[in-house]
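J.: Dropping in input_7.txt, which is compact mmCIF, C-alpha atoms:
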```txt
# COMPACT_ATOMS: atom_id res chain seq x y z
CA MET A 1 -36.73 -18.98 -20.38
CA ASN A 2 -37.65 -18.09 -16.85
CA ASN A 3 -34.10 -18.78 -15.82
CA ARG A 4 -32.72 -16.40 -18.42
CA PHE A 5 -34.81 -13.51 -17.06
CA TRP A 6 -33.79 -14.33 -13.53
CA MET A 7 -30.11 -14.31 -14.55
CA ILE A 8 -30.40 -10.75 -15.82
CA GLY A 9 -32.73 -9.81 -13.00
CA LEU A 10 -30.35 -11.00 -10.27
CA LEU A 11 -27.35 -9.25 -11.83
CA LEU A 12 -29.36 -6.07 -12.12
CA ILE A 13 -30.61 -6.17 -8.54
CA LEU A 14 -27.14 -6.96 -7.25
CA ALA A 15 -25.59 -4.18 -9.31
CA VAL A 16 -28.07 -1.70 -7.86
CA ILE A 17 -27.42 -2.88 -4.29
CA CYS A 18 -23.64 -2.71 -4.77
CA ALA A 19 -23.85 0.70 -6.40
CA PHE A 20 -25.89 2.03 -3.48
CA ALA A 21 -23.48 0.53 -0.96
CA LEU A 22 -20.49 2.07 -2.70
CA ALA A 23 -22.17 5.44 -3.11
CA PHE A 24 -22.94 5.39 0.60
CA ILE A 25 -19.34 4.53 1.53
CA ASN A 26 -18.11 7.20 -0.84
CA THR A 27 -20.24 9.96 0.70
CA ILE A 28 -18.84 9.05 4.11
CA THR A 29 -15.17 8.68 3.17
CA ALA A 30 -14.68 11.18 0.32
CA PRO A 31 -14.57 14.28 2.53
CA VAL A 32 -12.28 12.51 5.03
CA ILE A 33 -9.92 11.46 2.24
CA ALA A 34 -9.86 14.97 0.78
CA TYR A 35 -9.15 16.35 4.25
CA GLN A 36 -6.29 13.88 4.84
CA ASN A 37 -4.71 14.80 1.52
CA GLU A 38 -4.99 18.50 2.32
CA VAL A 39 -3.42 18.00 5.76
CA ARG A 40 -0.54 15.99 4.29
CA TYR A 41 0.12 18.59 1.61
CA LYS A 42 -0.09 21.59 3.92
CA SER A 43 1.98 20.01 6.68
CA THR A 44 4.71 19.32 4.13
CA VAL A 45 4.73 22.98 3.07
CA LEU A 46 4.97 24.02 6.73
CA ASP A 47 7.82 21.53 7.30
CA VAL A 48 9.73 22.87 4.33
CA PHE A 49 9.44 26.43 5.67
CA GLY A 50 10.42 25.22 9.13
CA ILE A 51 7.17 26.52 10.64
CA THR A 52 6.19 24.53 13.72
CA TYR A 53 2.68 23.23 14.37
CA ARG A 54 1.06 20.70 16.68
CA ALA A 55 1.83 17.33 15.09
CA GLY A 56 -0.98 14.83 14.64
CA ASP A 57 -3.66 17.52 14.71
CA GLY A 58 -5.10 18.10 11.24
CA ASP A 59 -7.00 21.27 12.11
CA ALA A 60 -3.91 22.80 13.70
CA VAL A 61 -2.01 22.20 10.45
CA ILE A 62 -4.70 23.91 8.39
CA ASP A 63 -4.88 26.87 10.81
CA ALA A 64 -1.10 27.30 10.86
CA PHE A 65 -1.02 27.15 7.08
CA ALA A 66 -3.75 29.76 6.69
CA GLN A 67 -1.99 32.07 9.17
CA SER A 68 1.53 31.97 7.87
CA VAL A 69 1.51 30.90 4.21
CA ASP A 70 0.27 32.56 1.01
CA GLU A 71 -0.67 30.33 -1.92
CA HIS A 72 -0.06 31.56 -5.46
CA GLU A 73 1.42 30.56 -8.81
CA ILE A 74 4.77 31.20 -10.46
CA ASN A 75 5.02 30.51 -14.18
CA GLY A 76 2.20 28.00 -13.95
CA MET A 77 3.66 26.14 -10.95
CA PRO A 78 1.87 26.01 -7.59
CA ALA A 79 3.95 28.16 -5.22
CA PHE A 80 3.84 29.33 -1.60
CA THR A 81 5.24 32.31 0.28
CA ASP A 82 6.15 32.25 3.95
CA LYS A 83 4.62 35.51 5.23
CA SER A 84 7.23 36.06 7.95
CA SER A 85 10.48 35.26 6.07
CA GLY A 86 9.28 36.09 2.55
CA ARG A 87 10.78 32.85 1.23
CA THR A 88 9.20 31.01 -1.66
CA ALA A 89 8.43 27.32 -1.98
CA LEU A 90 7.60 25.48 -5.18
CA SER A 91 5.48 22.38 -5.58
CA LEU A 92 7.08 20.28 -8.31
CA SER A 93 5.60 17.15 -9.85
CA GLY A 94 6.74 14.71 -12.49
CA SER A 95 7.18 11.04 -13.18
CA GLY A 96 9.63 9.12 -11.03
CA PHE A 97 10.87 5.62 -11.81
CA GLN A 98 7.60 3.89 -10.85
CA GLY A 99 5.08 6.69 -11.11
CA GLU A 100 4.08 10.24 -10.28
CA MET A 101 6.00 12.01 -7.50
CA ASN A 102 5.44 15.39 -5.90
CA VAL A 103 8.06 17.34 -3.95
CA ILE A 104 8.11 20.73 -2.27
CA VAL A 105 11.29 22.80 -2.19
CA SER A 106 11.76 26.20 -0.59
CA LEU A 107 14.29 28.75 -1.79
CA ASP A 108 16.01 31.80 -0.36
CA GLY A 109 17.45 33.56 -3.40
CA ASP A 110 19.50 30.89 -5.14
CA THR A 111 19.76 28.62 -2.12
CA ILE A 112 17.55 25.70 -1.12
CA THR A 113 16.32 26.10 2.45
CA GLY A 114 14.10 23.04 2.62
CA PHE A 115 13.12 20.00 0.61
CA LYS A 116 10.46 17.37 1.22
CA VAL A 117 8.66 14.65 -0.69
CA VAL A 118 4.85 14.86 -0.53
CA SER A 119 4.00 11.72 -2.45
CA GLN A 120 5.87 9.03 -4.34
CA VAL A 121 5.42 5.41 -5.37
CA GLU A 122 9.08 4.37 -5.75
CA THR A 123 10.47 0.94 -4.82
CA PRO A 124 10.40 0.42 -1.03
CA GLY A 125 13.90 0.31 0.43
CA LEU A 126 15.49 1.76 -2.70
CA GLY A 127 13.84 4.66 -4.51
CA ALA A 128 11.46 5.24 -1.62
CA ARG A 129 14.49 6.24 0.45
CA ILE A 130 14.03 9.74 -0.99
CA THR A 131 11.57 10.16 1.89
CA GLU A 132 14.30 9.57 4.51
CA PRO A 133 15.02 12.67 6.61
CA ALA A 134 18.79 12.43 6.00
CA PHE A 135 18.35 12.48 2.24
CA GLN A 136 15.83 15.33 2.34
CA LYS A 137 18.07 17.38 4.63
CA SER A 138 21.03 16.93 2.27
CA PHE A 139 19.44 19.45 -0.11
CA THR A 140 19.56 22.33 2.35
CA GLY A 141 22.14 24.95 1.35
CA LYS A 142 22.54 23.87 -2.27
CA MET A 143 22.95 26.67 -4.84
CA VAL A 144 20.59 26.00 -7.70
CA ARG A 145 20.63 29.08 -9.95
CA ASN A 146 22.07 26.86 -12.73
CA GLY A 147 20.29 23.70 -11.71
CA ILE A 148 21.33 20.79 -9.53
CA THR A 149 23.23 17.66 -10.57
CA MET A 150 23.29 14.28 -8.90
CA VAL A 151 26.61 12.59 -8.17
CA ARG A 152 26.91 8.82 -7.90
CA SER A 153 30.12 8.67 -5.91
CA GLY A 154 32.27 11.03 -3.90
CA SER A 155 30.93 13.96 -1.95
CA ALA A 156 28.38 16.32 -3.40
CA GLY A 157 29.47 19.88 -4.17
CA GLN A 158 27.67 23.23 -4.02
CA SER A 159 25.14 22.43 -6.76
CA GLU A 160 25.12 18.66 -6.47
CA PHE A 161 23.28 16.02 -4.45
CA ASP A 162 24.23 12.43 -3.62
CA ALA A 163 22.23 9.90 -5.63
CA ILE A 164 20.70 7.04 -3.68
CA THR A 165 22.62 3.80 -4.04
CA GLY A 166 20.58 1.29 -6.00
CA ALA A 167 18.08 3.93 -7.09
CA THR A 168 19.84 5.76 -9.90
CA GLU A 169 16.67 6.09 -11.96
CA THR A 170 14.72 7.60 -9.08
CA SER A 171 17.56 10.04 -8.38
CA ARG A 172 17.76 10.96 -12.04
CA ALA A 173 13.99 11.53 -12.19
CA LEU A 174 14.23 13.75 -9.13
CA GLN A 175 17.06 15.72 -10.74
CA ARG A 176 14.93 16.20 -13.86
CA ILE A 177 11.86 17.29 -11.88
CA LEU A 178 13.89 19.77 -9.80
CA ASN A 179 15.78 21.27 -12.73
CA ARG A 180 12.68 21.75 -14.84
CA GLY A 181 11.06 23.55 -11.92
CA PHE A 182 14.12 25.71 -11.12
CA GLU A 183 14.47 26.73 -14.76
CA ARG A 184 10.89 27.94 -14.91
CA TYR A 185 11.19 29.62 -11.52
CA PHE A 186 14.37 31.57 -12.24
CA ALA A 187 13.03 32.55 -15.69
CA ALA A 188 10.04 34.10 -13.95
CA VAL A 189 11.68 35.87 -10.98
CA LYS A 190 15.03 36.91 -12.52
CA MET B 1 -15.14 -34.81 22.71
CA GLY B 2 -12.64 -31.99 22.22
CA PHE B 3 -13.07 -29.07 19.90
CA ARG B 4 -10.61 -30.71 17.53
CA GLN B 5 -13.25 -33.27 16.64
CA THR B 6 -15.85 -30.71 15.57
CA ARG B 7 -16.63 -30.25 11.91
CA GLU B 8 -15.89 -26.50 12.13
CA TRP B 9 -12.41 -27.06 13.49
CA LYS B 10 -11.66 -29.55 10.73
CA ILE B 11 -12.81 -27.13 8.03
CA PHE B 12 -10.79 -24.33 9.64
CA PHE B 13 -7.61 -26.31 10.04
CA GLU B 14 -7.89 -27.81 6.59
CA GLY B 15 -7.84 -24.30 5.11
CA PHE B 16 -5.39 -22.80 7.58
CA TRP B 17 -2.73 -25.50 7.48
CA TYR B 18 -3.21 -28.61 5.30
CA ASN B 19 -4.26 -26.54 2.31
CA ASN B 20 -2.38 -23.39 3.27
CA ALA B 21 -2.84 -21.02 0.36
CA SER B 22 0.74 -19.80 -0.06
CA PHE B 23 2.80 -22.71 1.23
CA ARG B 24 0.76 -25.65 -0.10
CA MET B 25 -1.52 -24.52 -2.88
CA MET B 26 0.80 -21.79 -4.19
CA LEU B 27 -2.10 -19.37 -4.49
CA GLY B 28 -2.16 -15.63 -3.92
CA LEU B 29 1.55 -15.37 -4.57
CA CYS B 30 1.46 -12.05 -6.44
CA SER B 31 0.39 -10.12 -3.36
CA ALA B 32 2.57 -12.34 -1.15
CA LEU B 33 5.58 -11.17 -3.12
CA ALA B 34 4.51 -7.56 -3.37
CA VAL B 35 3.52 -6.51 0.15
CA THR B 36 5.64 -8.65 2.46
CA ASN B 37 8.75 -6.49 2.80
CA ASN B 38 7.37 -4.77 5.88
CA LEU B 39 5.36 -6.24 8.78
CA THR B 40 3.01 -3.32 9.39
CA ASN B 41 1.84 -3.18 5.79
CA THR B 42 1.55 -6.95 5.67
CA LEU B 43 -0.64 -6.99 8.77
CA VAL B 44 -3.02 -4.41 7.31
CA MET B 45 -3.10 -6.23 3.98
CA SER B 46 -3.82 -9.52 5.77
CA ILE B 47 -6.70 -8.02 7.72
CA GLY B 48 -8.06 -6.64 4.44
CA VAL B 49 -7.91 -10.06 2.77
CA ILE B 50 -9.53 -11.78 5.77
CA PHE B 51 -12.32 -9.22 5.78
CA VAL B 52 -12.99 -9.41 2.04
CA THR B 53 -12.80 -13.22 1.90
CA THR B 54 -15.06 -13.71 4.89
CA SER B 55 -17.69 -11.17 3.90
CA SER B 56 -17.80 -12.33 0.27
CA SER B 57 -18.09 -15.98 1.28
CA THR B 58 -20.84 -15.18 3.78
CA MET B 59 -22.75 -13.16 1.22
CA ILE B 60 -22.40 -15.74 -1.57
CA SER B 61 -23.32 -18.57 0.77
CA ALA B 62 -26.42 -16.72 1.93
CA ILE B 63 -27.74 -16.17 -1.58
CA ARG B 64 -26.32 -19.39 -3.10
CA ARG B 65 -29.75 -20.87 -3.85
CA ILE B 66 -30.86 -17.99 -6.04
CA ILE B 67 -27.64 -17.63 -8.09
CA PRO B 68 -28.02 -19.20 -11.55
CA SER B 69 -24.82 -21.19 -12.11
CA ARG B 70 -24.11 -19.53 -15.47
CA VAL B 71 -23.71 -16.07 -13.96
CA ARG B 72 -22.10 -17.07 -10.66
CA MET B 73 -18.70 -15.63 -11.63
CA ALA B 74 -20.26 -12.25 -12.42
CA VAL B 75 -22.04 -12.33 -9.07
CA PHE B 76 -18.79 -13.23 -7.26
CA MET B 77 -16.97 -10.38 -8.95
CA MET B 78 -19.60 -7.82 -8.00
CA VAL B 79 -19.70 -8.88 -4.37
CA ILE B 80 -15.91 -9.14 -4.04
CA SER B 81 -15.17 -5.81 -5.69
CA THR B 82 -17.73 -4.03 -3.53
CA PHE B 83 -16.11 -5.29 -0.33
CA THR B 84 -12.62 -4.55 -1.64
CA ILE B 85 -13.50 -0.97 -2.49
CA VAL B 86 -14.96 -0.58 1.00
CA VAL B 87 -11.59 -1.66 2.50
CA ASP B 88 -9.65 0.58 0.13
CA GLN B 89 -11.78 3.65 0.89
CA TYR B 90 -11.67 2.98 4.61
CA LEU B 91 -7.87 2.78 4.66
CA LYS B 92 -7.53 5.89 2.51
CA ALA B 93 -9.75 7.84 4.88
CA TYR B 94 -8.55 6.64 8.29
CA TYR B 95 -5.05 5.19 7.73
CA PRO B 96 -3.64 7.41 4.95
CA ALA B 97 0.01 6.56 5.66
CA ILE B 98 -0.51 2.80 5.39
CA SER B 99 -2.78 3.23 2.40
CA ALA B 100 -0.07 5.23 0.64
CA ALA B 101 2.52 2.57 1.46
CA LEU B 102 0.36 -0.29 0.15
CA GLY B 103 -0.35 1.64 -3.03
CA PRO B 104 -2.44 -0.31 -5.54
CA TYR B 105 -2.27 -3.64 -3.71
CA VAL B 106 -5.37 -3.09 -1.58
CA GLY B 107 -7.44 -2.60 -4.71
CA LEU B 108 -5.84 -5.70 -6.16
CA ILE B 109 -7.43 -7.86 -3.42
CA ILE B 110 -10.19 -8.14 -6.05
CA THR B 111 -7.90 -10.28 -8.17
CA ASN B 112 -6.62 -12.40 -5.28
CA CYS B 113 -7.38 -15.97 -6.32
CA ILE B 114 -8.06 -16.98 -2.71
CA VAL B 115 -11.15 -14.79 -2.44
CA MET B 116 -12.85 -16.06 -5.56
CA GLY B 117 -11.48 -19.56 -4.97
CA ARG B 118 -13.34 -19.81 -1.66
CA CYS B 119 -16.60 -18.56 -3.19
CA GLU B 120 -16.35 -21.02 -6.08
CA SER B 121 -15.14 -24.10 -4.24
CA PHE B 122 -16.92 -23.75 -0.90
CA ALA B 123 -19.41 -20.95 -0.29
CA ILE B 124 -21.53 -21.64 -3.39
CA SER B 125 -22.35 -25.15 -2.17
CA ASN B 126 -22.31 -24.88 1.64
CA PRO B 127 -24.41 -23.19 4.35
CA VAL B 128 -23.39 -19.89 5.88
CA VAL B 129 -21.64 -20.99 9.10
CA PRO B 130 -19.26 -23.54 7.53
CA SER B 131 -18.57 -21.00 4.77
CA ILE B 132 -17.53 -18.39 7.30
CA VAL B 133 -15.30 -20.90 9.10
CA ASP B 134 -13.74 -21.98 5.82
CA ALA B 135 -13.13 -18.39 4.67
CA VAL B 136 -11.56 -17.41 7.99
CA GLY B 137 -9.41 -20.54 7.93
CA VAL B 138 -8.05 -20.09 4.44
CA SER B 139 -7.54 -16.32 4.61
CA GLY B 140 -6.15 -16.68 8.14
CA GLY B 141 -3.66 -19.23 6.82
CA TYR B 142 -2.78 -16.84 4.04
CA ALA B 143 -2.30 -14.02 6.56
CA PHE B 144 -0.14 -16.28 8.72
CA SER B 145 2.17 -17.23 5.86
CA LEU B 146 2.41 -13.59 4.75
CA MET B 147 3.46 -12.57 8.26
CA MET B 148 6.07 -15.35 8.32
CA LEU B 149 7.50 -14.07 5.04
CA ALA B 150 7.39 -10.45 6.16
CA ALA B 151 9.13 -11.18 9.47
CA VAL B 152 12.19 -12.58 7.70
CA ARG B 153 12.20 -10.01 4.92
CA GLU B 154 11.84 -6.96 7.15
CA LEU B 155 14.46 -8.22 9.59
CA MET B 156 17.04 -8.95 6.92
CA GLY B 157 16.11 -6.16 4.52
CA PHE B 158 15.75 -3.26 6.95
CA GLY B 159 17.12 -4.65 10.21
CA THR B 160 13.79 -3.78 11.87
CA PHE B 161 10.75 -5.57 13.32
CA PHE B 162 7.43 -3.70 13.00
CA GLY B 163 9.53 -0.62 12.26
CA ILE B 164 11.56 -0.90 15.48
CA THR B 165 15.29 -1.27 14.90
CA VAL B 166 16.40 -4.67 16.15
CA LEU B 167 19.69 -5.21 14.38
CA GLY B 168 22.24 -2.48 14.99
CA ASP B 169 24.56 -0.59 12.68
CA TRP B 170 26.74 -3.67 12.23
CA TRP B 171 24.00 -5.23 10.12
CA THR B 172 24.21 -4.52 6.39
CA PRO B 173 20.64 -4.64 5.05
CA TRP B 174 20.14 -7.20 2.30
CA VAL B 175 18.58 -5.18 -0.49
CA ILE B 176 17.49 -8.39 -2.23
CA MET B 177 15.11 -9.13 0.68
CA ILE B 178 13.18 -5.94 0.02
CA LEU B 179 12.78 -6.68 -3.66
CA ALA B 180 10.34 -9.29 -5.02
CA PRO B 181 13.04 -11.95 -5.66
CA GLY B 182 13.76 -11.96 -1.92
CA ALA B 183 10.20 -13.13 -1.32
CA PHE B 184 10.75 -16.04 -3.71
CA PHE B 185 13.85 -17.15 -1.81
CA VAL B 186 12.17 -16.94 1.60
CA LEU B 187 9.02 -18.63 0.30
CA GLY B 188 11.08 -21.43 -1.21
CA LEU B 189 12.93 -21.98 2.06
CA TYR B 190 9.69 -22.10 4.04
CA ILE B 191 8.14 -24.63 1.66
CA TRP B 192 11.25 -26.79 1.89
CA LEU B 193 11.23 -26.53 5.67
CA LEU B 194 7.52 -27.30 6.08
CA ARG B 195 7.56 -30.23 3.66
CA SER B 196 10.60 -31.69 5.42
CA ILE B 197 8.96 -31.37 8.82
CA SER B 198 5.73 -32.98 7.70
CA LYS B 199 7.71 -35.62 5.75
CA GLU B 200 5.09 -35.47 3.07
CA LYS B 201 5.52 -36.90 -0.38
CA THR B 202 4.00 -34.76 -3.09
```
Show me, as structure tokens, the structure contained in the file I just sent.

T.:
Amino acid sequence: MNNRFWMIGLLLILAVICAFALAFINTITAPVIAYQNEVRYKSTVLDVFGITYRAGDGDAVIDAFAQSVDEHEINGMPAFTDKSSGRTALSLSGSGFQGEMNVIVSLDGDTITGFKVVSQVETPGLGARITEPAFQKSFTGKMVRNGITMVRSGSAGQSEFDAITGATETSRALQRILNRGFERYFAAVK
Amino acid sequence: MGFRQTREWKIFFEGFWYNNASFRMMLGLCSALAVTNNLTNTLVMSIGVIFVTTSSSTMISAIRRIIPSRVRMAVFMMVISTFTIVVDQYLKAYYPAISAALGPYVGLIITNCIVMGRCESFAISNPVVPSIVDAVGVSGGYAFSLMMLAAVRELMGFGTFFGITVLGDWWTPWVIMILAPGAFFVLGLYIWLLRSISKEKT
């Protein structure tokens, strides 16, 4: 009988101790985590616009962002405007092959001027290669008024991009995410 | 008398080598397959596992006399998950890039059989100091075998070592090494190699 009370008692005490420990850790790390996410997001927007900032300095990123970028919404999508060039960037999200991915793409009229992946959980070495600089740069200059199509072999044309070898599903997901975003964007700004 | 004769060394080496988690006992293989395609991530993951195993074992060993045996699993789970969440939060806050690369696997340390295995088979029935030694030995052995796997997989899969390019353009990366099946092949080769060296009949 005694033992039964102690069983419940110990679990209860332990649960309270653990809960307090976790709450304590959370109060310390939550603001740091939120800050890191903000820095990553904002530095990606700055990269896409080609705005330079001091790398590795979170506060510098946030300052540069506040100075040169306007945040707003286009047709329900998070969007940004570069105050000096007047270009627009869109933040597009959707499901990739393994999970949620978020990319930022900047446009000058019909033409892509920058493309970068903010977050993704694709297969390392295959789908995750969408984060490689060479792949991200390959989008610059593409005309996307009527969407963008991936090509599996041969060289990519004006409104096409090269799919990643071994990551067809990731490339297809990216194509879907981009086209859905472009469609909504051009419907709104026409 | 050398340090090899001490009881602590024997406990440590038993866990680190003779009962090596991945190569001998075939434990903790899910994370061994998932995170070992890159040395940096593997190192962080290993440190996480060593930390969680050692702190949980210490904690369980310290309170072992007051844990009723019928609820010991529930107690293990609470202690282990608390320490795991601490590691996960810490990485998210201070090493966001590595945390993003490891994805859900840090949180999955909770389910690593090695952590609970040490609590159940050693810490619950031994004093604190031997429990610490045992936990460090077993999780250190696990870390060691993970690093051995990762070294081969990163080199052949990316042509790099800790992210530094070692093999030049002439090297065609083996995509299979980056995927989970590659870990099975490398693991199998290591087990073959180690058993042949030790000439052990199992």

J.: Report as number ranges by chain the set of chain B residues whose atoms approach chain A to within 10 Å, with distances computed over only C-alpha atoms.

T.: B: 35, 37-38, 66-72, 74-75, 78-79, 81-83, 85-87, 89-97, 100-104, 157-158, 173-179

J.: Just want the 12 Å neighbourhood of A:Gly181, counted on all atoms listed in the file, with same-chain residues fewer than 3 positions away dropped. Output as a ChimeraX atom specification.

T.: /A:74-79,89-94,102-107,144-148,174-178,184-188

J.: Quick one: residues within 9 Å of stretch 142-156 of chain B, only C-alpha atoms counted, chain neighbours fewer than 5 positions away excluded, as a VMD selection string?

T.: chain B and resid 16 20 to 23 27 to 28 32 to 33 35 to 40 42 to 43 45 to 47 49 to 50 114 137 161 to 163 165 to 167 171 to 175 177 to 178 182 to 183 186 to 187 190

J.: So the first atom is atom CA of A:Val39 and the second is atom CA of A:Ile62; what is the distance between them in Å, to one decimal place?

T.: 6.6 Å

J.: From the list A:Val61, A:Ser155, A:Glu73, A:Lys116, which residue is nearest A:Met101 when using all atoms listed in the file?

T.: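 Looking at the shortest contact to A:Met101, the residue is A:Lys116.
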
J.: Using all atoms listed in the file, which protein or nucleic acid residues come within 12 Å of stretch 130-135 of chain B? Drop anything in the same chain fewer than 4 positions from it, and give the result as an NGL selection string.

T.: :B and (6-17 or 19-21 or 49-62 or 64 or 114-126 or 139-143)

J.: Mind rebuilding stretch 153-161 of chain B with all heavy atoms and writing that out as a PDB file, keeping the file's coordinate frame?

T.:
```
ATOM      1  N   ARG B 153      11.768 -11.023   5.886  1.00  0.00           N
ATOM      2  CA  ARG B 153      12.200 -10.010   4.920  1.00  0.00           C
ATOM      3  C   ARG B 153      12.477  -8.670   5.572  1.00  0.00           C
ATOM      4  O   ARG B 153      13.444  -7.997   5.242  1.00  0.00           O
ATOM      5  CB  ARG B 153      11.145  -9.854   3.824  1.00  0.00           C
ATOM      6  CG  ARG B 153      11.052 -11.064   2.936  1.00  0.00           C
ATOM      7  CD  ARG B 153      10.043 -10.867   1.851  1.00  0.00           C
ATOM      8  NE  ARG B 153      10.496  -9.895   0.855  1.00  0.00           N
ATOM      9  CZ  ARG B 153       9.704  -9.343  -0.049  1.00  0.00           C
ATOM     10  NH1 ARG B 153       8.424  -9.641  -0.076  1.00  0.00           N
ATOM     11  NH2 ARG B 153      10.186  -8.487  -0.925  1.00  0.00           N
ATOM     12  N   GLU B 154      11.607  -8.267   6.516  1.00  0.00           N
ATOM     13  CA  GLU B 154      11.840  -6.960   7.150  1.00  0.00           C
ATOM     14  C   GLU B 154      13.102  -7.000   7.992  1.00  0.00           C
ATOM     15  O   GLU B 154      13.903  -6.066   7.983  1.00  0.00           O
ATOM     16  CB  GLU B 154      10.644  -6.536   7.998  1.00  0.00           C
ATOM     17  CG  GLU B 154      10.833  -5.111   8.510  1.00  0.00           C
ATOM     18  CD  GLU B 154       9.718  -4.594   9.395  1.00  0.00           C
ATOM     19  OE1 GLU B 154       8.584  -5.085   9.291  1.00  0.00           O
ATOM     20  OE2 GLU B 154      10.001  -3.685  10.189  1.00  0.00           O
ATOM     21  N   LEU B 155      13.288  -8.111   8.711  1.00  0.00           N
ATOM     22  CA  LEU B 155      14.460  -8.220   9.590  1.00  0.00           C
ATOM     23  C   LEU B 155      15.753  -8.158   8.776  1.00  0.00           C
ATOM     24  O   LEU B 155      16.681  -7.430   9.124  1.00  0.00           O
ATOM     25  CB  LEU B 155      14.382  -9.542  10.365  1.00  0.00           C
ATOM     26  CG  LEU B 155      15.296  -9.624  11.581  1.00  0.00           C
ATOM     27  CD1 LEU B 155      14.889  -8.582  12.600  1.00  0.00           C
ATOM     28  CD2 LEU B 155      15.236 -11.006  12.201  1.00  0.00           C
ATOM     29  N   MET B 156      15.803  -8.912   7.693  1.00  0.00           N
ATOM     30  CA  MET B 156      17.040  -8.950   6.920  1.00  0.00           C
ATOM     31  C   MET B 156      17.179  -7.767   5.975  1.00  0.00           C
ATOM     32  O   MET B 156      18.281  -7.332   5.665  1.00  0.00           O
ATOM     33  CB  MET B 156      17.124 -10.264   6.141  1.00  0.00           C
ATOM     34  CG  MET B 156      17.079 -11.470   7.044  1.00  0.00           C
ATOM     35  SD  MET B 156      17.312 -12.986   6.138  1.00  0.00           S
ATOM     36  CE  MET B 156      19.070 -13.152   6.248  1.00  0.00           C
ATOM     37  N   GLY B 157      16.059  -7.240   5.503  1.00  0.00           N
ATOM     38  CA  GLY B 157      16.110  -6.160   4.520  1.00  0.00           C
ATOM     39  C   GLY B 157      16.270  -4.784   5.134  1.00  0.00           C
ATOM     40  O   GLY B 157      16.905  -3.904   4.562  1.00  0.00           O
ATOM     41  N   PHE B 158      15.672  -4.569   6.306  1.00  0.00           N
ATOM     42  CA  PHE B 158      15.750  -3.260   6.950  1.00  0.00           C
ATOM     43  C   PHE B 158      16.447  -3.320   8.308  1.00  0.00           C
ATOM     44  O   PHE B 158      16.795  -2.293   8.868  1.00  0.00           O
ATOM     45  CB  PHE B 158      14.353  -2.661   7.176  1.00  0.00           C
ATOM     46  CG  PHE B 158      13.586  -2.329   5.928  1.00  0.00           C
ATOM     47  CD1 PHE B 158      12.583  -3.165   5.465  1.00  0.00           C
ATOM     48  CD2 PHE B 158      13.853  -1.159   5.219  1.00  0.00           C
ATOM     49  CE1 PHE B 158      11.857  -2.846   4.313  1.00  0.00           C
ATOM     50  CE2 PHE B 158      13.130  -0.833   4.078  1.00  0.00           C
ATOM     51  CZ  PHE B 158      12.148  -1.679   3.622  1.00  0.00           C
ATOM     52  N   GLY B 159      16.575  -4.520   8.862  1.00  0.00           N
ATOM     53  CA  GLY B 159      17.120  -4.650  10.210  1.00  0.00           C
ATOM     54  C   GLY B 159      16.109  -4.232  11.271  1.00  0.00           C
ATOM     55  O   GLY B 159      16.473  -3.922  12.398  1.00  0.00           O
ATOM     56  N   THR B 160      14.820  -4.216  10.917  1.00  0.00           N
ATOM     57  CA  THR B 160      13.790  -3.780  11.870  1.00  0.00           C
ATOM     58  C   THR B 160      12.718  -4.847  12.025  1.00  0.00           C
ATOM     59  O   THR B 160      12.640  -5.784  11.243  1.00  0.00           O
ATOM     60  CB  THR B 160      13.115  -2.475  11.401  1.00  0.00           C
ATOM     61  OG1 THR B 160      12.541  -2.692  10.116  1.00  0.00           O
ATOM     62  CG2 THR B 160      14.111  -1.339  11.312  1.00  0.00           C
ATOM     63  N   PHE B 161      11.877  -4.680  13.049  1.00  0.00           N
ATOM     64  CA  PHE B 161      10.750  -5.570  13.320  1.00  0.00           C
ATOM     65  C   PHE B 161       9.571  -4.673  13.670  1.00  0.00           C
ATOM     66  O   PHE B 161       9.618  -3.951  14.664  1.00  0.00           O
ATOM     67  CB  PHE B 161      11.114  -6.506  14.471  1.00  0.00           C
ATOM     68  CG  PHE B 161      10.275  -7.749  14.525  1.00  0.00           C
ATOM     69  CD1 PHE B 161      10.525  -8.808  13.661  1.00  0.00           C
ATOM     70  CD2 PHE B 161       9.241  -7.844  15.428  1.00  0.00           C
ATOM     71  CE1 PHE B 161       9.742  -9.948  13.704  1.00  0.00           C
ATOM     72  CE2 PHE B 161       8.455  -8.981  15.473  1.00  0.00           C
ATOM     73  CZ  PHE B 161       8.706 -10.043  14.608  1.00  0.00           C
TER      74      PHE B 161
END
```
